[in-house]
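Structure below is work_26.pdb: PDB, C-alpha atoms and all ligand atoms.
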MODEL        1
ATOM      1  CA  MET A   1     -36.032  58.106   6.538
ATOM      2  CA  GLN A   2     -38.649  58.467   3.842
ATOM      3  CA  LEU A   3     -41.505  56.031   3.230
ATOM      4  CA  ARG A   4     -42.567  56.275  -0.388
ATOM      5  CA  ILE A   5     -45.673  54.665  -1.794
ATOM      6  CA  GLU A   6     -45.423  54.048  -5.531
ATOM      7  CA  GLY A   7     -48.079  52.715  -7.867
ATOM      8  CA  ALA A   8     -46.665  49.186  -7.573
ATOM      9  CA  HIS A   9     -47.141  49.268  -3.783
ATOM     10  CA  GLU A  10     -50.754  50.323  -4.192
ATOM     11  CA  GLU A  11     -51.408  47.221  -6.279
ATOM     12  CA  GLY A  12     -51.046  45.029  -3.204
ATOM     13  CA  GLY A  13     -48.613  43.234  -0.941
ATOM     14  CA  VAL A  14     -47.487  43.915   2.587
ATOM     15  CA  ARG A  15     -44.238  45.671   3.430
ATOM     16  CA  ASP A  16     -42.577  44.956   6.751
ATOM     17  CA  TRP A  17     -39.330  46.156   8.336
ATOM     18  CA  SER A  18     -36.953  45.519  11.248
ATOM     19  CA  ILE A  19     -36.931  41.795  10.675
ATOM     20  CA  ALA A  20     -33.997  39.402  10.733
ATOM     21  CA  THR A  21     -34.453  36.164   8.812
ATOM     22  CA  THR A  22     -33.186  33.232  10.846
ATOM     23  CA  LYS A  23     -33.756  30.404   8.367
ATOM     24  CA  PHE A  24     -35.801  29.059   5.478
ATOM     25  CA  SER A  25     -37.617  25.741   5.554
ATOM     26  CA  GLY A  26     -39.281  23.725   2.835
ATOM     27  CA  GLU A  27     -39.909  20.371   1.214
ATOM     28  CA  SER A  28     -38.305  18.569  -1.726
ATOM     29  CA  GLY A  29     -35.963  21.462  -2.412
ATOM     30  CA  SER A  30     -38.742  24.086  -2.508
ATOM     31  CA  VAL A  31     -39.003  26.839   0.067
ATOM     32  CA  LYS A  32     -42.247  26.872   2.084
ATOM     33  CA  GLN A  33     -41.596  29.155   5.040
ATOM     34  CA  LEU A  34     -39.398  32.002   6.117
ATOM     35  CA  HIS A  35     -38.553  32.052   9.823
ATOM     36  CA  ALA A  36     -37.738  35.413  11.340
ATOM     37  CA  VAL A  37     -37.442  37.480  14.453
ATOM     38  CA  ARG A  38     -38.107  41.186  14.944
ATOM     39  CA  VAL A  39     -35.208  43.474  15.765
ATOM     40  CA  GLY A  40     -34.836  46.798  17.544
ATOM     41  CA  PRO A  41     -33.780  50.087  15.971
ATOM     42  CA  PRO A  42     -30.420  50.757  14.299
ATOM     43  CA  PRO A  43     -27.530  50.732  14.765
ATOM     44  CA  LYS A  44     -27.717  47.702  17.089
ATOM     45  CA  PHE A  45     -30.684  45.837  15.580
ATOM     46  CA  GLU A  46     -30.971  43.776  18.767
ATOM     47  CA  LEU A  47     -33.174  40.688  18.549
ATOM     48  CA  ILE A  48     -36.471  41.192  20.384
ATOM     49  CA  PRO A  49     -37.000  38.115  22.594
ATOM     50  CA  GLY A  50     -40.183  36.168  21.893
ATOM     51  CA  SER A  51     -40.877  37.980  18.613
ATOM     52  CA  ASP A  52     -40.148  34.928  16.412
ATOM     53  CA  PHE A  53     -42.625  34.312  13.622
ATOM     54  CA  THR A  54     -42.949  32.445  10.333
ATOM     55  CA  MET A  55     -44.175  33.607   6.950
ATOM     56  CA  GLU A  56     -45.504  31.380   4.162
ATOM     57  CA  ALA A  57     -43.311  31.653   1.081
ATOM     58  CA  ASP A  58     -42.980  29.950  -2.290
ATOM     59  CA  LEU A  59     -40.427  32.371  -3.707
ATOM     60  CA  VAL A  60     -37.719  34.337  -1.916
ATOM     61  CA  LEU A  61     -35.895  37.198  -3.630
ATOM     62  CA  ILE A  62     -32.836  38.406  -1.752
ATOM     63  CA  ALA A  63     -32.170  42.109  -2.392
ATOM     64  CA  MET A  64     -28.922  42.811  -0.613
ATOM     65  CA  GLY A  65     -28.067  46.102  -2.280
ATOM     66  CA  PHE A  66     -24.563  47.055  -3.319
ATOM     67  CA  LEU A  67     -22.025  45.269  -1.132
ATOM     68  CA  GLY A  68     -18.911  46.718  -2.707
ATOM     69  CA  PRO A  69     -16.758  45.432  -5.540
ATOM     70  CA  VAL A  70     -15.861  41.739  -5.714
ATOM     71  CA  ARG A  71     -12.796  41.253  -3.548
ATOM     72  CA  ASN A  72     -11.474  37.905  -4.684
ATOM     73  CA  GLY A  73      -9.473  38.327  -7.829
ATOM     74  CA  MET A  74      -7.965  41.634  -8.860
ATOM     75  CA  ILE A  75      -8.469  43.586  -5.602
ATOM     76  CA  GLU A  76      -7.022  40.870  -3.364
ATOM     77  CA  GLN A  77      -4.240  39.927  -5.749
ATOM     78  CA  LEU A  78      -3.039  43.518  -6.052
ATOM     79  CA  GLY A  79      -3.579  44.214  -2.322
ATOM     80  CA  ILE A  80      -5.695  47.316  -3.026
ATOM     81  CA  ALA A  81      -6.919  49.072   0.148
ATOM     82  CA  LEU A  82     -10.668  49.529   0.665
ATOM     83  CA  ASP A  83     -12.455  52.331   2.496
ATOM     84  CA  GLN A  84     -14.853  51.961   5.443
ATOM     85  CA  ARG A  85     -17.718  51.141   3.058
ATOM     86  CA  SER A  86     -15.777  48.369   1.283
ATOM     87  CA  ASN A  87     -15.218  50.446  -1.838
ATOM     88  CA  VAL A  88     -11.799  50.988  -3.391
ATOM     89  CA  ALA A  89     -10.102  53.827  -1.501
ATOM     90  CA  THR A  90      -8.483  56.461  -3.732
ATOM     91  CA  ASP A  91      -6.734  59.777  -3.361
ATOM     92  CA  HIS A  92      -8.042  62.952  -5.032
ATOM     93  CA  ASN A  93      -6.469  61.762  -8.306
ATOM     94  CA  TYR A  94      -8.529  58.556  -8.289
ATOM     95  CA  MET A  95      -5.382  56.510  -7.645
ATOM     96  CA  SER A  96      -5.761  53.572  -5.291
ATOM     97  CA  SER A  97      -3.274  52.556  -2.590
ATOM     98  CA  VAL A  98      -1.329  50.756  -5.329
ATOM     99  CA  PRO A  99       0.562  53.196  -7.585
ATOM    100  CA  GLY A 100      -0.711  53.064 -11.154
ATOM    101  CA  ILE A 101      -4.035  51.434 -10.242
ATOM    102  CA  PHE A 102      -7.024  53.800 -10.526
ATOM    103  CA  ALA A 103     -10.708  53.439  -9.675
ATOM    104  CA  ALA A 104     -13.845  55.400 -10.564
ATOM    105  CA  GLY A 105     -17.611  55.037 -10.503
ATOM    106  CA  ASP A 106     -19.441  52.463  -8.380
ATOM    107  CA  MET A 107     -16.207  50.698  -7.453
ATOM    108  CA  ARG A 108     -14.922  53.902  -5.842
ATOM    109  CA  ARG A 109     -18.009  55.728  -4.559
ATOM    110  CA  GLY A 110     -20.399  52.831  -3.963
ATOM    111  CA  GLN A 111     -23.610  52.131  -5.864
ATOM    112  CA  SER A 112     -24.626  55.371  -7.488
ATOM    113  CA  LEU A 113     -25.770  56.917 -10.779
ATOM    114  CA  VAL A 114     -24.634  56.703 -14.399
ATOM    115  CA  VAL A 115     -23.903  60.433 -14.440
ATOM    116  CA  TRP A 116     -21.393  59.976 -11.606
ATOM    117  CA  ALA A 117     -19.781  57.015 -13.360
ATOM    118  CA  ILE A 118     -19.323  59.082 -16.539
ATOM    119  CA  ALA A 119     -18.004  62.148 -14.686
ATOM    120  CA  GLU A 120     -15.616  60.117 -12.543
ATOM    121  CA  GLY A 121     -14.486  58.072 -15.536
ATOM    122  CA  ARG A 122     -13.504  61.263 -17.349
ATOM    123  CA  LYS A 123     -11.656  62.682 -14.348
ATOM    124  CA  ALA A 124      -9.909  59.369 -13.727
ATOM    125  CA  ALA A 125      -8.832  59.247 -17.394
ATOM    126  CA  THR A 126      -7.288  62.713 -17.031
ATOM    127  CA  ALA A 127      -5.518  61.579 -13.841
ATOM    128  CA  VAL A 128      -4.216  58.424 -15.575
ATOM    129  CA  ASP A 129      -2.922  60.582 -18.437
ATOM    130  CA  SER A 130      -1.078  62.899 -15.997
ATOM    131  CA  TYR A 131       0.342  59.899 -14.148
ATOM    132  CA  LEU A 132       1.638  58.305 -17.341
ATOM    133  CA  ARG A 133       3.355  61.576 -18.282
ATOM    134  CA  THR A 134       5.323  61.772 -15.027
ATOM    135  CA  ALA A 135       9.063  61.337 -15.390
ATOM    136  CA  ALA A 136       9.170  58.379 -13.005
ATOM    137  CA  VAL A 137       6.653  56.394 -15.026
ATOM    138  CA  ARG A 138       8.096  57.417 -18.397
ATOM    139  CA  SER A 139      11.569  56.252 -17.410
ATOM    140  CA  ALA A 140      10.389  52.974 -15.810
ATOM    141  CA  PRO A 141      11.328  49.966 -17.931
ATOM    142  CA  LEU A 142       8.218  48.442 -19.495
ATOM    143  CA  ILE A 143       9.195  44.932 -18.477
ATOM    144  CA  SER A 144       9.341  45.722 -14.727
ATOM    145  CA  THR A 145       5.880  47.356 -14.804
ATOM    146  CA  ALA A 146       4.455  44.308 -16.587
ATOM    147  CA  GLN A 147       6.136  41.964 -14.086
ATOM    148  CA  GLN A 148       4.757  44.005 -11.168
ATOM    149  CA  ILE A 149       1.201  43.693 -12.510
ATOM    150  CA  ALA A 150       1.638  39.999 -13.310
ATOM    151  CA  SER A 151       2.967  39.213  -9.833
TER     152      SER A 151
HETATM  153  C1  LIG Z 201     -30.644  47.382 -11.166
HETATM  154  C2  LIG Z 201     -29.941  48.714 -11.320
HETATM  155  C3  LIG Z 201     -30.649  49.801 -11.772
HETATM  156  C4  LIG Z 201     -30.002  51.027 -11.916
HETATM  157  N1  LIG Z 201     -30.732  52.102 -12.378
HETATM  158  C5  LIG Z 201     -30.115  53.276 -12.599
HETATM  159  C6  LIG Z 201     -30.823  54.382 -13.148
HETATM  160  O1  LIG Z 201     -32.018  54.302 -13.455
HETATM  161  N2  LIG Z 201     -30.149  55.545 -13.326
HETATM  162  C7  LIG Z 201     -28.820  55.679 -13.026
HETATM  163  O2  LIG Z 201     -28.264  56.754 -13.230
HETATM  164  N3  LIG Z 201     -28.138  54.646 -12.484
HETATM  165  C8  LIG Z 201     -28.744  53.453 -12.282
HETATM  166  N4  LIG Z 201     -28.050  52.391 -11.745
HETATM  167  C9  LIG Z 201     -26.652  52.600 -11.345
HETATM  168  C10 LIG Z 201     -25.713  52.574 -12.550
HETATM  169  O3  LIG Z 201     -25.997  51.450 -13.354
HETATM  170  C11 LIG Z 201     -24.276  52.516 -12.013
HETATM  171  O4  LIG Z 201     -24.061  53.587 -11.117
HETATM  172  C12 LIG Z 201     -23.266  52.617 -13.149
HETATM  173  O5  LIG Z 201     -23.504  51.627 -14.131
HETATM  174  C13 LIG Z 201     -21.843  52.491 -12.589
HETATM  175  O6  LIG Z 201     -20.953  52.512 -13.682
HETATM  176  P1  LIG Z 201     -19.484  51.960 -13.485
HETATM  177  O7  LIG Z 201     -18.808  52.156 -14.797
HETATM  178  O8  LIG Z 201     -18.880  52.584 -12.272
HETATM  179  O9  LIG Z 201     -19.633  50.411 -13.150
HETATM  180  P2  LIG Z 201     -20.301  49.240 -14.027
HETATM  181  O10 LIG Z 201     -21.373  49.773 -14.933
HETATM  182  O11 LIG Z 201     -20.691  48.187 -13.038
HETATM  183  O12 LIG Z 201     -19.118  48.750 -14.954
HETATM  184  C14 LIG Z 201     -18.041  47.979 -14.415
HETATM  185  C15 LIG Z 201     -17.579  47.058 -15.536
HETATM  186  O13 LIG Z 201     -16.373  46.422 -15.114
HETATM  187  C16 LIG Z 201     -16.428  45.057 -15.483
HETATM  188  N5  LIG Z 201     -15.515  44.343 -14.603
HETATM  189  C17 LIG Z 201     -15.675  43.997 -13.297
HETATM  190  N6  LIG Z 201     -14.590  43.334 -12.841
HETATM  191  C18 LIG Z 201     -13.734  43.257 -13.879
HETATM  192  C19 LIG Z 201     -12.427  42.697 -14.039
HETATM  193  N7  LIG Z 201     -11.798  42.079 -13.039
HETATM  194  N8  LIG Z 201     -11.851  42.790 -15.251
HETATM  195  C20 LIG Z 201     -12.459  43.429 -16.275
HETATM  196  N9  LIG Z 201     -13.703  43.983 -16.182
HETATM  197  C21 LIG Z 201     -14.304  43.903 -14.998
HETATM  198  C22 LIG Z 201     -17.904  44.675 -15.320
HETATM  199  O14 LIG Z 201     -18.230  43.549 -16.091
HETATM  200  C23 LIG Z 201     -18.588  45.956 -15.843
HETATM  201  O15 LIG Z 201     -18.791  45.899 -17.240
HETATM  202  C24 LIG Z 201     -28.643  51.160 -11.599
HETATM  203  C25 LIG Z 201     -27.945  50.046 -11.138
HETATM  204  C26 LIG Z 201     -28.569  48.833 -11.003
HETATM  205  C27 LIG Z 201     -27.787  47.625 -10.528
ENDMDL
END

Just give me the structure of the file as structure tokens.
Amino acid sequence: MQLRIEGAHEEGGVRDWSIATTKFSGESGSVKQLHAVRVGPPPKFELIPGSDFTMEADLVLIAMGFLGPVRNGMIEQLGIALDQRSNVATDHNYMSSVPGIFAAGDMRRGQSLVVWAIAEGRKAATAVDSYLRTAAVRSAPLISTAQQIAS
């Protein structure tokens, strides 16, 4: 939507877009070439027939961006629901689909800024405090809450 040219870009290099990498090739464990094909506009990114090309390469840096929080581990084990962008879905009190489990910052809103992480962290802390003061939580036996988290 916006093509910015920073000082680093002016130092050299070629930027190219709408390319899908199909494979890497190389020798003795070192990459030598990137093989790619050009693709059409979003959202379909359809492969353009006959547009295959190769690019010489001795180093490949993969910049995938933020792909959401790591799923295997805590999120899967607790069965926490994700939103359409693979972030942890919460209600307006920052509580996830699992009662007593809260999320804030990048995990909730996607890759963002420190100021958002701080602001959301504070609001989530207030929401956690309110939750812990509710009668239902206060009267719940400690052991059953611990067992629920452990299981
Ligand atoms: C390269 C880069 C540059 C950036 N530059 C800027 C910038 O210039 N300005 C700006 O405002 N923002 C910048 N950001 C974004 C900013 O860093 C994030 O938005 C912010 O750090 C999010 O804070 P957070 O607390 O939500 O998550 P995080 O800072 O990611 O903290 C999450 C913490 O949880 C821990 N954790 C993860 N899983 C578990 C688990 N299972 N158990 C216990 N702990 C766990 C992690 O180790 C981590 O310490 C940048 C981000 C990146 C990656």

Smallest atom-to-atom distance to Lys123 in chain A: which of A:Arg85, A:His92, A:Arg138, A:Arg71, using all atoms listed in the file?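 Closest residue, counting all atoms listed in the file: A:His92.
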
Please expand the PyMOL selection byres (((chain A and resi 58) around 8) and not hetatm) into the concrete residues it hits in this file, giving the result as a PDB file with C-alpha atoms, keeping the file's coordinate frame.
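Contents of out_23.pdb, as written:
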ATOM      1  CA  SER A  30     -38.742  24.086  -2.508  1.00  0.00           C
ATOM      2  CA  VAL A  31     -39.003  26.839   0.067  1.00  0.00           C
ATOM      3  CA  LYS A  32     -42.247  26.872   2.084  1.00  0.00           C
ATOM      4  CA  GLN A  33     -41.596  29.155   5.040  1.00  0.00           C
ATOM      5  CA  GLU A  56     -45.504  31.380   4.162  1.00  0.00           C
ATOM      6  CA  ALA A  57     -43.311  31.653   1.081  1.00  0.00           C
ATOM      7  CA  LEU A  59     -40.427  32.371  -3.707  1.00  0.00           C
ATOM      8  CA  VAL A  60     -37.719  34.337  -1.916  1.00  0.00           C
TER       9      VAL A  60
END

Long-range neighbours of Val115 in chain A as number ranges by chain, 12 Å cut-off, all atoms listed in the file, 6 positions minimum in chain: A: 104-106, 121-122

Cut-off 12 Å: closest chain A/ligand LIG 201 (chain Z) atom pairs per residue, using all atoms listed in the file, as CSV:
residue,atom,partner,partner_atom,distance
A:Ala63,CA,Z:LIG201,C1,10.3
A:Met64,CA,Z:LIG201,C27,11.1
A:Gly65,CA,Z:LIG201,C27,8.4
A:Phe66,CA,Z:LIG201,C27,7.9
A:Leu67,CA,Z:LIG201,C27,11.3
A:Gly68,CA,Z:LIG201,O11,10.6
A:Pro69,CA,Z:LIG201,N6,7.9
A:Val70,CA,Z:LIG201,N6,7.4
A:Arg71,CA,Z:LIG201,N7,9.6
A:Asn72,CA,Z:LIG201,N7,9.3
A:Gly73,CA,Z:LIG201,N7,6.8
A:Met74,CA,Z:LIG201,N7,5.7
A:Ile75,CA,Z:LIG201,N7,8.3
A:Glu76,CA,Z:LIG201,N7,10.9
A:Gln77,CA,Z:LIG201,N7,10.7
A:Leu78,CA,Z:LIG201,N7,11.3
A:Asn87,CA,Z:LIG201,O8,11.3
A:Val88,CA,Z:LIG201,O8,11.5
A:Ala103,CA,Z:LIG201,O8,8.6
A:Ala104,CA,Z:LIG201,O8,6.0
A:Gly105,CA,Z:LIG201,O8,3.3
A:Asp106,CA,Z:LIG201,O8,3.9
A:Met107,CA,Z:LIG201,O8,5.8
A:Arg108,CA,Z:LIG201,O8,7.7
A:Arg109,CA,Z:LIG201,O8,8.4
A:Gly110,CA,Z:LIG201,O4,8.1
A:Gln111,CA,Z:LIG201,O4,5.5
A:Ser112,CA,Z:LIG201,O4,4.1
A:Leu113,CA,Z:LIG201,O2,3.5
A:Val114,CA,Z:LIG201,O2,3.8
A:Val115,CA,Z:LIG201,O2,5.8
A:Trp116,CA,Z:LIG201,O4,6.9
A:Ala117,CA,Z:LIG201,O8,4.7
A:Ile118,CA,Z:LIG201,O7,7.2
A:Ala119,CA,Z:LIG201,O8,9.9
A:Glu120,CA,Z:LIG201,O8,8.2
A:Gly121,CA,Z:LIG201,O7,7.4
A:Arg122,CA,Z:LIG201,O7,10.8
A:Ala124,CA,Z:LIG201,O8,11.3

Residues picked by the PyMOL selection byres (((chain A and resi 42-55) around 12) and not hetatm) here, as a short mmCIF file (atom, residue, chain, number, x, y, z; two decimals) with C-alpha atoms, keeping the file's coordinate frame?
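Listed below is the output, expr_35.cif:
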data_model
loop_
_atom_site.label_atom_id
_atom_site.label_comp_id
_atom_site.auth_asym_id
_atom_site.auth_seq_id
_atom_site.Cartn_x
_atom_site.Cartn_y
_atom_site.Cartn_z
CA VAL A 14 -47.49 43.92 2.59
CA ASP A 16 -42.58 44.96 6.75
CA TRP A 17 -39.33 46.16 8.34
CA SER A 18 -36.95 45.52 11.25
CA ILE A 19 -36.93 41.80 10.68
CA ALA A 20 -34.00 39.40 10.73
CA THR A 21 -34.45 36.16 8.81
CA THR A 22 -33.19 33.23 10.85
CA LYS A 23 -33.76 30.40 8.37
CA PHE A 24 -35.80 29.06 5.48
CA SER A 25 -37.62 25.74 5.55
CA GLY A 26 -39.28 23.72 2.84
CA VAL A 31 -39.00 26.84 0.07
CA LYS A 32 -42.25 26.87 2.08
CA GLN A 33 -41.60 29.16 5.04
CA LEU A 34 -39.40 32.00 6.12
CA HIS A 35 -38.55 32.05 9.82
CA ALA A 36 -37.74 35.41 11.34
CA VAL A 37 -37.44 37.48 14.45
CA ARG A 38 -38.11 41.19 14.94
CA VAL A 39 -35.21 43.47 15.76
CA GLY A 40 -34.84 46.80 17.54
CA PRO A 41 -33.78 50.09 15.97
CA GLU A 56 -45.50 31.38 4.16
CA ALA A 57 -43.31 31.65 1.08
CA ASP A 58 -42.98 29.95 -2.29
CA LEU A 59 -40.43 32.37 -3.71
CA VAL A 60 -37.72 34.34 -1.92
#

Two-atom distance - CA of Asn93 in chain A, CA of Ala140 in chain A (Å):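 CA of Ala140 in chain A lies 20.4 Å from CA of Asn93 in chain A.
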
For each of A:Val137, A:Ala125, A:Ala81, A:Leu61, take the minimum atom-to-atom distance to Tyr94 in chain A, counting only C-alpha atoms, then give the residue where this is smallest.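 Going through A:Val137, A:Ala125, A:Ala81, A:Leu61 one by one, the smallest distance to Tyr94 in chain A is for A:Ala125.
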
Tell me, in Å to one decimal, how far CA of Gly79 in chain A is from CA of Val98 in chain A. 7.5 Å

For CA of Ser96 in chain A and CA of Ile80 in chain A, quote the distance in Å rounded to one decimal. 6.7 Å
